[in-house]
$ cat target-v3.pdb   # PDB, C-alpha atoms
ATOM      1  CA  MET A   1      75.687 193.054  55.603  1.00  0.00           C
ATOM      2  CA  LYS A   2      73.583 190.225  54.235  1.00  0.00           C
ATOM      3  CA  ILE A   3      72.579 187.755  56.949  1.00  0.00           C
ATOM      4  CA  GLN A   4      72.138 184.120  55.935  1.00  0.00           C
ATOM      5  CA  ARG A   5      70.916 181.861  58.730  1.00  0.00           C
ATOM      6  CA  CYS A   6      71.868 178.200  58.381  1.00  0.00           C
ATOM      7  CA  SER A   7      70.353 175.272  60.239  1.00  0.00           C
ATOM      8  CA  ASP A   8      73.716 173.804  61.201  1.00  0.00           C
ATOM      9  CA  TYR A   9      77.476 173.890  60.646  1.00  0.00           C
ATOM     10  CA  GLU A  10      77.257 171.662  57.566  1.00  0.00           C
ATOM     11  CA  GLU A  11      74.776 173.955  55.816  1.00  0.00           C
ATOM     12  CA  MET A  12      76.856 177.000  56.715  1.00  0.00           C
ATOM     13  CA  SER A  13      79.991 175.383  55.293  1.00  0.00           C
ATOM     14  CA  ARG A  14      78.290 174.262  52.081  1.00  0.00           C
ATOM     15  CA  SER A  15      76.657 177.643  51.491  1.00  0.00           C
ATOM     16  CA  CYS A  16      79.941 179.490  51.932  1.00  0.00           C
ATOM     17  CA  CYS A  17      81.750 177.042  49.664  1.00  0.00           C
ATOM     18  CA  ASP A  18      79.052 177.464  47.005  1.00  0.00           C
ATOM     19  CA  ALA A  19      79.563 181.239  47.055  1.00  0.00           C
ATOM     20  CA  ILE A  20      83.315 180.855  46.559  1.00  0.00           C
ATOM     21  CA  ILE A  21      82.845 178.338  43.750  1.00  0.00           C
ATOM     22  CA  ALA A  22      80.369 180.658  42.027  1.00  0.00           C
ATOM     23  CA  ALA A  23      82.952 183.459  42.154  1.00  0.00           C
ATOM     24  CA  LEU A  24      85.657 181.187  40.733  1.00  0.00           C
ATOM     25  CA  LYS A  25      83.382 180.166  37.861  1.00  0.00           C
ATOM     26  CA  GLU A  26      82.993 183.830  36.965  1.00  0.00           C
ATOM     27  CA  GLU A  27      86.709 184.654  37.348  1.00  0.00           C
ATOM     28  CA  LYS A  28      89.424 182.103  38.102  1.00  0.00           C
ATOM     29  CA  GLU A  29      92.021 184.694  39.035  1.00  0.00           C
ATOM     30  CA  GLN A  30      90.977 185.317  42.620  1.00  0.00           C
ATOM     31  CA  LEU A  31      92.947 186.274  45.728  1.00  0.00           C
ATOM     32  CA  LEU A  32      91.372 184.431  48.634  1.00  0.00           C
ATOM     33  CA  CYS A  33      92.215 185.420  52.201  1.00  0.00           C
ATOM     34  CA  THR A  34      91.976 182.441  54.520  1.00  0.00           C
ATOM     35  CA  ALA A  35      91.301 182.370  58.252  1.00  0.00           C
ATOM     36  CA  THR A  36      92.078 179.388  60.467  1.00  0.00           C
ATOM     37  CA  GLY A  37      90.178 177.564  63.208  1.00  0.00           C
ATOM     38  CA  ASN A  38      87.017 175.531  63.338  1.00  0.00           C
ATOM     39  CA  SER A  39      84.755 178.139  61.724  1.00  0.00           C
ATOM     40  CA  PRO A  40      86.197 177.854  58.173  1.00  0.00           C
ATOM     41  CA  LYS A  41      87.372 174.226  58.407  1.00  0.00           C
ATOM     42  CA  GLY A  42      84.162 172.838  56.908  1.00  0.00           C
ATOM     43  CA  VAL A  43      84.365 175.344  54.046  1.00  0.00           C
ATOM     44  CA  TYR A  44      87.860 174.145  53.189  1.00  0.00           C
ATOM     45  CA  GLN A  45      86.726 170.525  53.308  1.00  0.00           C
ATOM     46  CA  ASN A  46      83.982 171.346  50.811  1.00  0.00           C
ATOM     47  CA  LEU A  47      86.434 173.175  48.568  1.00  0.00           C
ATOM     48  CA  ALA A  48      88.776 170.179  48.693  1.00  0.00           C
ATOM     49  CA  SER A  49      85.915 167.898  47.635  1.00  0.00           C
ATOM     50  CA  THR A  50      85.078 170.217  44.743  1.00  0.00           C
ATOM     51  CA  TYR A  51      88.724 170.157  43.651  1.00  0.00           C
ATOM     52  CA  GLN A  52      88.508 166.389  43.109  1.00  0.00           C
ATOM     53  CA  ASN A  53      85.911 166.895  40.380  1.00  0.00           C
ATOM     54  CA  GLU A  54      86.845 170.334  39.035  1.00  0.00           C
ATOM     55  CA  PRO A  55      90.564 170.953  39.619  1.00  0.00           C
ATOM     56  CA  GLU A  56      90.684 173.431  36.741  1.00  0.00           C
ATOM     57  CA  LEU A  57      88.621 175.902  38.807  1.00  0.00           C
ATOM     58  CA  PHE A  58      91.545 176.399  41.187  1.00  0.00           C
ATOM     59  CA  GLU A  59      94.408 176.693  38.683  1.00  0.00           C
ATOM     60  CA  LYS A  60      94.748 180.474  39.072  1.00  0.00           C
ATOM     61  CA  LEU A  61      93.588 180.835  42.665  1.00  0.00           C
ATOM     62  CA  LYS A  62      95.951 182.713  44.983  1.00  0.00           C
ATOM     63  CA  ILE A  63      95.754 182.540  48.755  1.00  0.00           C
ATOM     64  CA  ILE A  64      96.926 184.961  51.421  1.00  0.00           C
ATOM     65  CA  LYS A  65      97.064 183.964  55.079  1.00  0.00           C
ATOM     66  CA  LEU A  66      94.955 186.199  57.310  1.00  0.00           C
ATOM     67  CA  ASP A  67      97.104 185.935  60.427  1.00  0.00           C
ATOM     68  CA  GLU A  68      99.591 183.806  62.331  1.00  0.00           C
ATOM     69  CA  TRP A  69     100.651 183.033  65.888  1.00  0.00           C
ATOM     70  CA  GLY A  70     104.019 184.726  66.339  1.00  0.00           C
ATOM     71  CA  GLY A  71     107.119 183.319  67.962  1.00  0.00           C
ATOM     72  CA  ILE A  72     106.411 179.642  67.302  1.00  0.00           C
ATOM     73  CA  PRO A  73     107.837 177.292  64.655  1.00  0.00           C
ATOM     74  CA  ALA A  74     105.796 177.011  61.458  1.00  0.00           C
ATOM     75  CA  SER A  75     106.052 173.245  61.933  1.00  0.00           C
ATOM     76  CA  ASN A  76     104.107 173.472  65.192  1.00  0.00           C
ATOM     77  CA  GLN A  77     101.046 171.271  64.804  1.00  0.00           C
ATOM     78  CA  ASN A  78      98.840 174.133  65.989  1.00  0.00           C
ATOM     79  CA  SER A  79     100.311 176.916  63.859  1.00  0.00           C
ATOM     80  CA  CYS A  80      98.099 178.619  61.317  1.00  0.00           C
ATOM     81  CA  GLU A  81     100.596 177.485  58.679  1.00  0.00           C
ATOM     82  CA  THR A  82     100.126 173.809  59.518  1.00  0.00           C
ATOM     83  CA  PHE A  83      96.360 174.220  59.571  1.00  0.00           C
ATOM     84  CA  LEU A  84      96.220 175.878  56.160  1.00  0.00           C
ATOM     85  CA  GLN A  85      98.699 173.493  54.575  1.00  0.00           C
ATOM     86  CA  GLU A  86      96.626 170.523  55.724  1.00  0.00           C
ATOM     87  CA  LYS A  87      93.162 171.952  55.061  1.00  0.00           C
ATOM     88  CA  ILE A  88      93.456 174.028  51.883  1.00  0.00           C
ATOM     89  CA  ILE A  89      96.956 174.653  50.472  1.00  0.00           C
ATOM     90  CA  GLY A  90      97.753 170.959  50.046  1.00  0.00           C
ATOM     91  CA  PRO A  91      94.273 169.745  49.011  1.00  0.00           C
ATOM     92  CA  LEU A  92      93.912 172.506  46.379  1.00  0.00           C
ATOM     93  CA  LYS A  93      97.526 172.089  45.250  1.00  0.00           C
ATOM     94  CA  ILE A  94      98.308 175.787  45.678  1.00  0.00           C
ATOM     95  CA  SER A  95     101.893 176.288  44.496  1.00  0.00           C
ATOM     96  CA  ASP A  96     104.357 178.456  46.435  1.00  0.00           C
ATOM     97  CA  TYR A  97     104.101 181.379  44.014  1.00  0.00           C
ATOM     98  CA  ARG A  98     100.328 181.451  44.552  1.00  0.00           C
ATOM     99  CA  TYR A  99     100.566 181.560  48.354  1.00  0.00           C
ATOM    100  CA  ILE A 100     101.371 184.623  50.485  1.00  0.00           C
ATOM    101  CA  SER A 101     102.128 183.664  54.054  1.00  0.00           C
ATOM    102  CA  PHE A 102     103.383 185.269  57.239  1.00  0.00           C
ATOM    103  CA  GLU A 103     106.421 183.469  58.652  1.00  0.00           C
ATOM    104  CA  SER A 104     105.525 182.412  62.169  1.00  0.00           C
ATOM    105  CA  ASP A 105     108.893 183.121  63.791  1.00  0.00           C
ATOM    106  CA  PRO A 106     110.619 185.867  61.771  1.00  0.00           C
ATOM    107  CA  THR A 107     113.841 187.551  62.870  1.00  0.00           C
ATOM    108  CA  SER A 108     112.011 190.873  62.711  1.00  0.00           C
ATOM    109  CA  PRO A 109     108.211 190.665  63.089  1.00  0.00           C
ATOM    110  CA  GLU A 110     107.875 194.291  62.001  1.00  0.00           C
ATOM    111  CA  MET A 111     109.806 193.695  58.776  1.00  0.00           C
ATOM    112  CA  GLU A 112     107.754 190.572  58.143  1.00  0.00           C
ATOM    113  CA  CYS A 113     104.597 192.671  58.339  1.00  0.00           C
ATOM    114  CA  GLU A 114     106.120 195.148  55.890  1.00  0.00           C
ATOM    115  CA  ARG A 115     106.909 192.277  53.510  1.00  0.00           C
ATOM    116  CA  ILE A 116     103.355 190.937  53.599  1.00  0.00           C
ATOM    117  CA  GLN A 117     101.960 194.437  53.112  1.00  0.00           C
ATOM    118  CA  LYS A 118     104.056 194.835  49.960  1.00  0.00           C
ATOM    119  CA  GLU A 119     102.848 191.430  48.724  1.00  0.00           C
ATOM    120  CA  LEU A 120      99.271 192.496  49.293  1.00  0.00           C
ATOM    121  CA  VAL A 121      99.785 195.789  47.468  1.00  0.00           C
ATOM    122  CA  GLY A 122     101.326 193.911  44.539  1.00  0.00           C
ATOM    123  CA  ASN A 123      98.730 191.151  44.362  1.00  0.00           C
ATOM    124  CA  GLY A 124      95.644 192.734  45.877  1.00  0.00           C
ATOM    125  CA  PRO A 125      93.175 193.823  46.711  1.00  0.00           C
ATOM    126  CA  ILE A 126      91.746 190.665  48.233  1.00  0.00           C
ATOM    127  CA  ASP A 127      88.838 189.332  46.191  1.00  0.00           C
ATOM    128  CA  ILE A 128      87.232 187.203  48.919  1.00  0.00           C
ATOM    129  CA  CYS A 129      88.139 187.434  52.594  1.00  0.00           C
ATOM    130  CA  ILE A 130      86.995 184.635  54.907  1.00  0.00           C
ATOM    131  CA  LEU A 131      86.656 185.641  58.546  1.00  0.00           C
ATOM    132  CA  GLY A 132      85.660 184.039  61.813  1.00  0.00           C
ATOM    133  CA  LEU A 133      84.619 185.931  64.929  1.00  0.00           C
ATOM    134  CA  GLY A 134      86.463 185.862  68.235  1.00  0.00           C
ATOM    135  CA  LYS A 135      84.520 185.642  71.471  1.00  0.00           C
ATOM    136  CA  ASN A 136      85.629 189.208  72.249  1.00  0.00           C
ATOM    137  CA  GLY A 137      84.645 190.473  68.793  1.00  0.00           C
ATOM    138  CA  HIS A 138      88.081 190.416  67.181  1.00  0.00           C
ATOM    139  CA  ILE A 139      88.637 189.598  63.517  1.00  0.00           C
ATOM    140  CA  ALA A 140      92.054 188.203  62.642  1.00  0.00           C
ATOM    141  CA  PHE A 141      94.248 189.563  65.463  1.00  0.00           C
ATOM    142  CA  ASN A 142      92.643 192.977  65.362  1.00  0.00           C
ATOM    143  CA  GLU A 143      91.797 192.988  69.055  1.00  0.00           C
ATOM    144  CA  PRO A 144      89.377 195.324  70.879  1.00  0.00           C
ATOM    145  CA  ALA A 145      91.204 198.555  71.750  1.00  0.00           C
ATOM    146  CA  ASN A 146      90.970 202.336  71.822  1.00  0.00           C
ATOM    147  CA  GLU A 147      92.295 202.369  68.267  1.00  0.00           C
ATOM    148  CA  LEU A 148      92.780 199.835  65.484  1.00  0.00           C
ATOM    149  CA  SER A 149      95.677 199.393  63.053  1.00  0.00           C
ATOM    150  CA  PRO A 150      94.844 199.768  59.360  1.00  0.00           C
ATOM    151  CA  PHE A 151      97.604 197.606  57.872  1.00  0.00           C
ATOM    152  CA  CYS A 152      99.693 194.508  58.584  1.00  0.00           C
ATOM    153  CA  HIS A 153     101.040 194.707  62.102  1.00  0.00           C
ATOM    154  CA  VAL A 154     102.400 192.897  65.117  1.00  0.00           C
ATOM    155  CA  ALA A 155      99.500 192.404  67.508  1.00  0.00           C
ATOM    156  CA  ARG A 156      99.421 192.110  71.248  1.00  0.00           C
ATOM    157  CA  LEU A 157      97.218 189.094  71.882  1.00  0.00           C
ATOM    158  CA  SER A 158      94.275 189.382  74.248  1.00  0.00           C
ATOM    159  CA  GLN A 159      93.655 186.869  77.013  1.00  0.00           C
ATOM    160  CA  GLN A 160      90.684 185.579  75.011  1.00  0.00           C
ATOM    161  CA  SER A 161      92.916 184.887  72.008  1.00  0.00           C
ATOM    162  CA  LEU A 162      95.468 183.144  74.217  1.00  0.00           C
ATOM    163  CA  GLN A 163      92.696 180.832  75.395  1.00  0.00           C
ATOM    164  CA  HIS A 164      92.004 179.684  71.824  1.00  0.00           C
ATOM    165  CA  GLN A 165      92.086 175.897  71.458  1.00  0.00           C
ATOM    166  CA  MET A 166      95.005 176.176  69.021  1.00  0.00           C
ATOM    167  CA  VAL A 167      97.052 177.849  71.781  1.00  0.00           C
ATOM    168  CA  THR A 168      96.022 175.915  74.869  1.00  0.00           C
ATOM    169  CA  SER A 169      97.420 172.717  73.378  1.00  0.00           C
ATOM    170  CA  MET A 170     100.823 174.311  72.647  1.00  0.00           C
ATOM    171  CA  LYS A 171     103.719 173.537  74.974  1.00  0.00           C
ATOM    172  CA  ASN A 172     105.117 177.034  74.421  1.00  0.00           C
ATOM    173  CA  GLY A 173     102.487 179.528  73.327  1.00  0.00           C
ATOM    174  CA  PRO A 174     102.816 182.504  70.951  1.00  0.00           C
ATOM    175  CA  ALA A 175     104.471 185.725  72.046  1.00  0.00           C
ATOM    176  CA  TYR A 176     102.448 187.929  69.680  1.00  0.00           C
ATOM    177  CA  GLY A 177     100.276 187.833  66.589  1.00  0.00           C
ATOM    178  CA  LEU A 178     100.984 188.731  62.968  1.00  0.00           C
ATOM    179  CA  THR A 179      97.924 189.962  61.138  1.00  0.00           C
ATOM    180  CA  LEU A 180      96.379 191.882  58.293  1.00  0.00           C
ATOM    181  CA  GLY A 181      94.937 195.195  59.471  1.00  0.00           C
ATOM    182  CA  MET A 182      91.423 196.566  59.345  1.00  0.00           C
ATOM    183  CA  ALA A 183      91.979 198.550  56.139  1.00  0.00           C
ATOM    184  CA  ASP A 184      93.478 195.475  54.439  1.00  0.00           C
ATOM    185  CA  ILE A 185      90.334 193.537  55.331  1.00  0.00           C
ATOM    186  CA  LEU A 186      87.859 196.298  54.492  1.00  0.00           C
ATOM    187  CA  GLN A 187      89.461 196.858  51.087  1.00  0.00           C
ATOM    188  CA  SER A 188      88.487 193.298  50.118  1.00  0.00           C
ATOM    189  CA  LYS A 189      85.981 193.142  47.282  1.00  0.00           C
ATOM    190  CA  LYS A 190      83.847 190.604  49.150  1.00  0.00           C
ATOM    191  CA  ILE A 191      83.888 189.503  52.792  1.00  0.00           C
ATOM    192  CA  ILE A 192      82.460 186.293  54.229  1.00  0.00           C
ATOM    193  CA  LEU A 193      81.876 186.187  57.992  1.00  0.00           C
ATOM    194  CA  LEU A 194      81.263 182.794  59.580  1.00  0.00           C
ATOM    195  CA  LEU A 195      79.473 182.799  62.934  1.00  0.00           C
ATOM    196  CA  THR A 196      79.628 179.485  64.751  1.00  0.00           C
ATOM    197  CA  GLY A 197      81.063 177.994  67.910  1.00  0.00           C
ATOM    198  CA  ALA A 198      80.143 177.894  71.570  1.00  0.00           C
ATOM    199  CA  GLY A 199      80.268 180.982  73.764  1.00  0.00           C
ATOM    200  CA  LYS A 200      79.615 183.566  71.035  1.00  0.00           C
ATOM    201  CA  LYS A 201      75.931 184.320  71.572  1.00  0.00           C
ATOM    202  CA  SER A 202      76.497 187.598  73.419  1.00  0.00           C
ATOM    203  CA  VAL A 203      79.089 188.958  70.970  1.00  0.00           C
ATOM    204  CA  ILE A 204      76.866 188.020  68.021  1.00  0.00           C
ATOM    205  CA  GLU A 205      73.957 189.851  69.640  1.00  0.00           C
ATOM    206  CA  GLU A 206      76.191 192.890  70.136  1.00  0.00           C
ATOM    207  CA  LEU A 207      77.332 192.732  66.497  1.00  0.00           C
ATOM    208  CA  MET A 208      73.730 192.641  65.318  1.00  0.00           C
ATOM    209  CA  THR A 209      72.995 195.996  66.999  1.00  0.00           C
ATOM    210  CA  LYS A 210      74.983 197.535  64.090  1.00  0.00           C
ATOM    211  CA  LYS A 211      76.774 199.912  66.452  1.00  0.00           C
ATOM    212  CA  ILE A 212      80.345 200.510  65.291  1.00  0.00           C
ATOM    213  CA  THR A 213      83.106 200.624  67.877  1.00  0.00           C
ATOM    214  CA  SER A 214      86.805 199.794  68.037  1.00  0.00           C
ATOM    215  CA  TYR A 215      85.966 197.665  71.072  1.00  0.00           C
ATOM    216  CA  LEU A 216      84.135 195.334  68.687  1.00  0.00           C
ATOM    217  CA  PRO A 217      86.394 195.247  65.603  1.00  0.00           C
ATOM    218  CA  ALA A 218      83.961 193.045  63.676  1.00  0.00           C
ATOM    219  CA  SER A 219      81.410 195.866  63.852  1.00  0.00           C
ATOM    220  CA  PHE A 220      83.394 197.740  61.185  1.00  0.00           C
ATOM    221  CA  LEU A 221      82.176 195.148  58.688  1.00  0.00           C
ATOM    222  CA  TRP A 222      78.863 197.033  58.645  1.00  0.00           C
ATOM    223  CA  LEU A 223      80.703 199.727  56.675  1.00  0.00           C
ATOM    224  CA  HIS A 224      81.575 197.346  53.830  1.00  0.00           C
ATOM    225  CA  PRO A 225      79.257 197.150  50.784  1.00  0.00           C
ATOM    226  CA  ASP A 226      79.525 193.386  50.221  1.00  0.00           C
ATOM    227  CA  VAL A 227      79.552 191.235  53.358  1.00  0.00           C
ATOM    228  CA  THR A 228      77.699 187.966  53.700  1.00  0.00           C
ATOM    229  CA  CYS A 229      77.350 186.708  57.254  1.00  0.00           C
ATOM    230  CA  TYR A 230      76.578 183.001  57.582  1.00  0.00           C
ATOM    231  CA  ILE A 231      75.158 182.110  60.987  1.00  0.00           C
ATOM    232  CA  ASP A 232      75.144 178.531  62.270  1.00  0.00           C
ATOM    233  CA  THR A 233      71.945 178.856  64.286  1.00  0.00           C
ATOM    234  CA  SER A 234      72.501 175.479  65.991  1.00  0.00           C
ATOM    235  CA  ALA A 235      75.564 176.885  67.752  1.00  0.00           C
ATOM    236  CA  ILE A 236      74.028 180.010  69.299  1.00  0.00           C
TER     237      ILE A 236
END
$ encode --input "target-v3.pdb" --output "structure tokens"
Amino acid sequence: MKIQRCSDYEEMSRSCCDAIIAALKEEKEQLLCTATGNSPKGVYQNLASTYQNEPELFEKLKIIKLDEWGGIPASNQNSCETFLQEKIIGPLKISDYRYISFESDPTSPEMECERIQKELVGNGPIDICILGLGKNGHIAFNEPANELSPFCHVARLSQQSLQHQMVTSMKNGPAYGLTLGMADILQSKKIILLLTGAGKKSVIEELMTKKITSYLPASFLWLHPDVTCYIDTSAI
């Protein structure tokens, strides 16, 4: 894992965006896996600004959603779908056929996970996977546990995840999570980990020990050959 310390959130966001743009200039046909939340929001804003001047860079870009709150309408203002549509899908004009997305309230969550897994097999592997870090060390909805799921699955949400700001403002919160699994993430060609946000100092310190445990899912990123970790040092 390559560690890149940034002076603030803006530098972190710009540096990550620059890395994605550099990859797109080398190869436009990229499958980008997108997380939601505050950590990647600045990256998406920078990508949207780049699109205004170089829209041709994004003509062949495909996006796959990393995870979704389950059991809520996609139209919910705090769904991952709404976030991505507003922050990256719309601004980059990603057409439907270039976007792979979990439905937020499927009739069968298990079958929805099977559908996304097939989409990933057909379009993958992921070229660049953008990840944030949960306060309990989760990545996507791969929560700390005795064992971790390798592929797309229905996740039981931890109390920490249910305290996320996207959830606390919901009238009726999610019943479960829909997420890519650890193998799906680790099979990505390149992974970008964004470390920012209050209350994460202790979990970041634990991650930096390089000890690998299922109780800190993000620790498995040490096994990947191409991970860049951008740290917003002003937030820790």
$ closest_residue --input "target-v3.pdb" --among "A:Tyr51, A:Phe141, A:Tyr99, A:Tyr44" --to "Lys65 in chain A" --atoms "only C-alpha atoms"
A:Tyr99
$ atom_distance --input "target-v3.pdb" --atom1 "CA of Cys33 in chain A" --atom2 "CA of Asn78 in chain A"
19.0 Å
$ residues_around --input "target-v3.pdb" --residues "range 144-158 of chain A" --least-positions-apart "5" --cutoff "10 Å" --atoms "only C-alpha atoms" --output "MDAnalysis selection string"
chainID A and resid 66:70 109:118 120 136:139 163 174:186 213:218
$ write_last_selection --input "target-v3.pdb" --atoms "C-alpha atoms" --output "PDB file, in the coordinates of the input"
ATOM      1  CA  LEU A  66      94.955 186.199  57.310  1.00  0.00           C
ATOM      2  CA  ASP A  67      97.104 185.935  60.427  1.00  0.00           C
ATOM      3  CA  GLU A  68      99.591 183.806  62.331  1.00  0.00           C
ATOM      4  CA  TRP A  69     100.651 183.033  65.888  1.00  0.00           C
ATOM      5  CA  GLY A  70     104.019 184.726  66.339  1.00  0.00           C
ATOM      6  CA  PRO A 109     108.211 190.665  63.089  1.00  0.00           C
ATOM      7  CA  GLU A 110     107.875 194.291  62.001  1.00  0.00           C
ATOM      8  CA  MET A 111     109.806 193.695  58.776  1.00  0.00           C
ATOM      9  CA  GLU A 112     107.754 190.572  58.143  1.00  0.00           C
ATOM     10  CA  CYS A 113     104.597 192.671  58.339  1.00  0.00           C
ATOM     11  CA  GLU A 114     106.120 195.148  55.890  1.00  0.00           C
ATOM     12  CA  ARG A 115     106.909 192.277  53.510  1.00  0.00           C
ATOM     13  CA  ILE A 116     103.355 190.937  53.599  1.00  0.00           C
ATOM     14  CA  GLN A 117     101.960 194.437  53.112  1.00  0.00           C
ATOM     15  CA  LYS A 118     104.056 194.835  49.960  1.00  0.00           C
ATOM     16  CA  LEU A 120      99.271 192.496  49.293  1.00  0.00           C
ATOM     17  CA  ASN A 136      85.629 189.208  72.249  1.00  0.00           C
ATOM     18  CA  GLY A 137      84.645 190.473  68.793  1.00  0.00           C
ATOM     19  CA  HIS A 138      88.081 190.416  67.181  1.00  0.00           C
ATOM     20  CA  ILE A 139      88.637 189.598  63.517  1.00  0.00           C
ATOM     21  CA  GLN A 163      92.696 180.832  75.395  1.00  0.00           C
ATOM     22  CA  PRO A 174     102.816 182.504  70.951  1.00  0.00           C
ATOM     23  CA  ALA A 175     104.471 185.725  72.046  1.00  0.00           C
ATOM     24  CA  TYR A 176     102.448 187.929  69.680  1.00  0.00           C
ATOM     25  CA  GLY A 177     100.276 187.833  66.589  1.00  0.00           C
ATOM     26  CA  LEU A 178     100.984 188.731  62.968  1.00  0.00           C
ATOM     27  CA  THR A 179      97.924 189.962  61.138  1.00  0.00           C
ATOM     28  CA  LEU A 180      96.379 191.882  58.293  1.00  0.00           C
ATOM     29  CA  GLY A 181      94.937 195.195  59.471  1.00  0.00           C
ATOM     30  CA  MET A 182      91.423 196.566  59.345  1.00  0.00           C
ATOM     31  CA  ALA A 183      91.979 198.550  56.139  1.00  0.00           C
ATOM     32  CA  ASP A 184      93.478 195.475  54.439  1.00  0.00           C
ATOM     33  CA  ILE A 185      90.334 193.537  55.331  1.00  0.00           C
ATOM     34  CA  LEU A 186      87.859 196.298  54.492  1.00  0.00           C
ATOM     35  CA  THR A 213      83.106 200.624  67.877  1.00  0.00           C
ATOM     36  CA  SER A 214      86.805 199.794  68.037  1.00  0.00           C
ATOM     37  CA  TYR A 215      85.966 197.665  71.072  1.00  0.00           C
ATOM     38  CA  LEU A 216      84.135 195.334  68.687  1.00  0.00           C
ATOM     39  CA  PRO A 217      86.394 195.247  65.603  1.00  0.00           C
ATOM     40  CA  ALA A 218      83.961 193.045  63.676  1.00  0.00           C
TER      41      ALA A 218
END
$ closest_atom_pairs --input "target-v3.pdb" --of "range 158-204 of chain A" --to "range 4-19 of chain A" --cutoff "8 Å" --atoms "all atoms listed in the file" --output "CSV"
residue,atom,partner,partner_atom,distance
A:Ile192,CA,A:Cys16,CA,7.6
A:Leu194,CA,A:Met12,CA,7.8
A:Thr196,CA,A:Tyr9,CA,7.3
$ resolve_selection --input "target-v3.pdb" --expression "the PyMOL selection byres ((chain A and resi 124-128) around 6)" --output "PyMOL selection string"
chain A and resi 30-32+120-123+129+188-191
$ atom_distance --input "target-v3.pdb" --atom1 "CA of Glu29 in chain A" --atom2 "CA of Met1 in chain A"
24.7 Å
$ atom_distance --input "target-v3.pdb" --atom1 "CA of Ile236 in chain A" --atom2 "CA of Ile88 in chain A"
26.8 Å
$ resolve_selection --input "target-v3.pdb" --expression "the PyMOL selection byres ((chain A and resi 40) around 8)" --output "mmCIF file with C-alpha atoms, in the frame of the given file"
data_model
loop_
_atom_site.group_PDB
_atom_site.id
_atom_site.type_symbol
_atom_site.label_atom_id
_atom_site.label_comp_id
_atom_site.auth_asym_id
_atom_site.auth_seq_id
_atom_site.Cartn_x
_atom_site.Cartn_y
_atom_site.Cartn_z
ATOM 1 C CA SER A 13 79.991 175.383 55.293
ATOM 2 C CA ALA A 35 91.301 182.370 58.252
ATOM 3 C CA THR A 36 92.078 179.388 60.467
ATOM 4 C CA GLY A 37 90.178 177.564 63.208
ATOM 5 C CA ASN A 38 87.017 175.531 63.338
ATOM 6 C CA SER A 39 84.755 178.139 61.724
ATOM 7 C CA LYS A 41 87.372 174.226 58.407
ATOM 8 C CA GLY A 42 84.162 172.838 56.908
ATOM 9 C CA VAL A 43 84.365 175.344 54.046
ATOM 10 C CA TYR A 44 87.860 174.145 53.189
ATOM 11 C CA ILE A 130 86.995 184.635 54.907
ATOM 12 C CA LEU A 131 86.656 185.641 58.546
ATOM 13 C CA GLY A 132 85.660 184.039 61.813
ATOM 14 C CA LEU A 194 81.263 182.794 59.580
#
$ resolve_selection --input "target-v3.pdb" --expression "the PyMOL selection byres ((chain A and resi 94) around 10)" --output "number ranges by chain"
A: 58-63, 85, 88-93, 95-99
$ closest_residue --input "target-v3.pdb" --among "A:Gln52, A:Lys135, A:Tyr230, A:Gln159" --to "Gly197 in chain A" --atoms "all atoms listed in the file"
A:Lys135
$ residues_around --input "target-v3.pdb" --residues "Ser75 in chain A" --least-positions-apart "4" --cutoff "12 Å" --atoms "all atoms listed in the file" --output "NGL selection string"
:A and (69 or 71 or 79-86 or 103-105 or 170)
$ residues_around --input "target-v3.pdb" --residues "Trp222 in chain A" --least-positions-apart "6" --cutoff "10 Å" --atoms "all atoms listed in the file" --output "compact mmCIF listing (two decimals) with C-alpha atoms, keeping the file's coordinate frame"
# COMPACT_ATOMS: atom_id res chain seq x y z
CA MET A 1 75.69 193.05 55.60
CA LYS A 2 73.58 190.22 54.24
CA LEU A 186 87.86 196.30 54.49
CA LEU A 207 77.33 192.73 66.50
CA MET A 208 73.73 192.64 65.32
CA LYS A 210 74.98 197.54 64.09
CA LYS A 211 76.77 199.91 66.45
CA ILE A 212 80.34 200.51 65.29
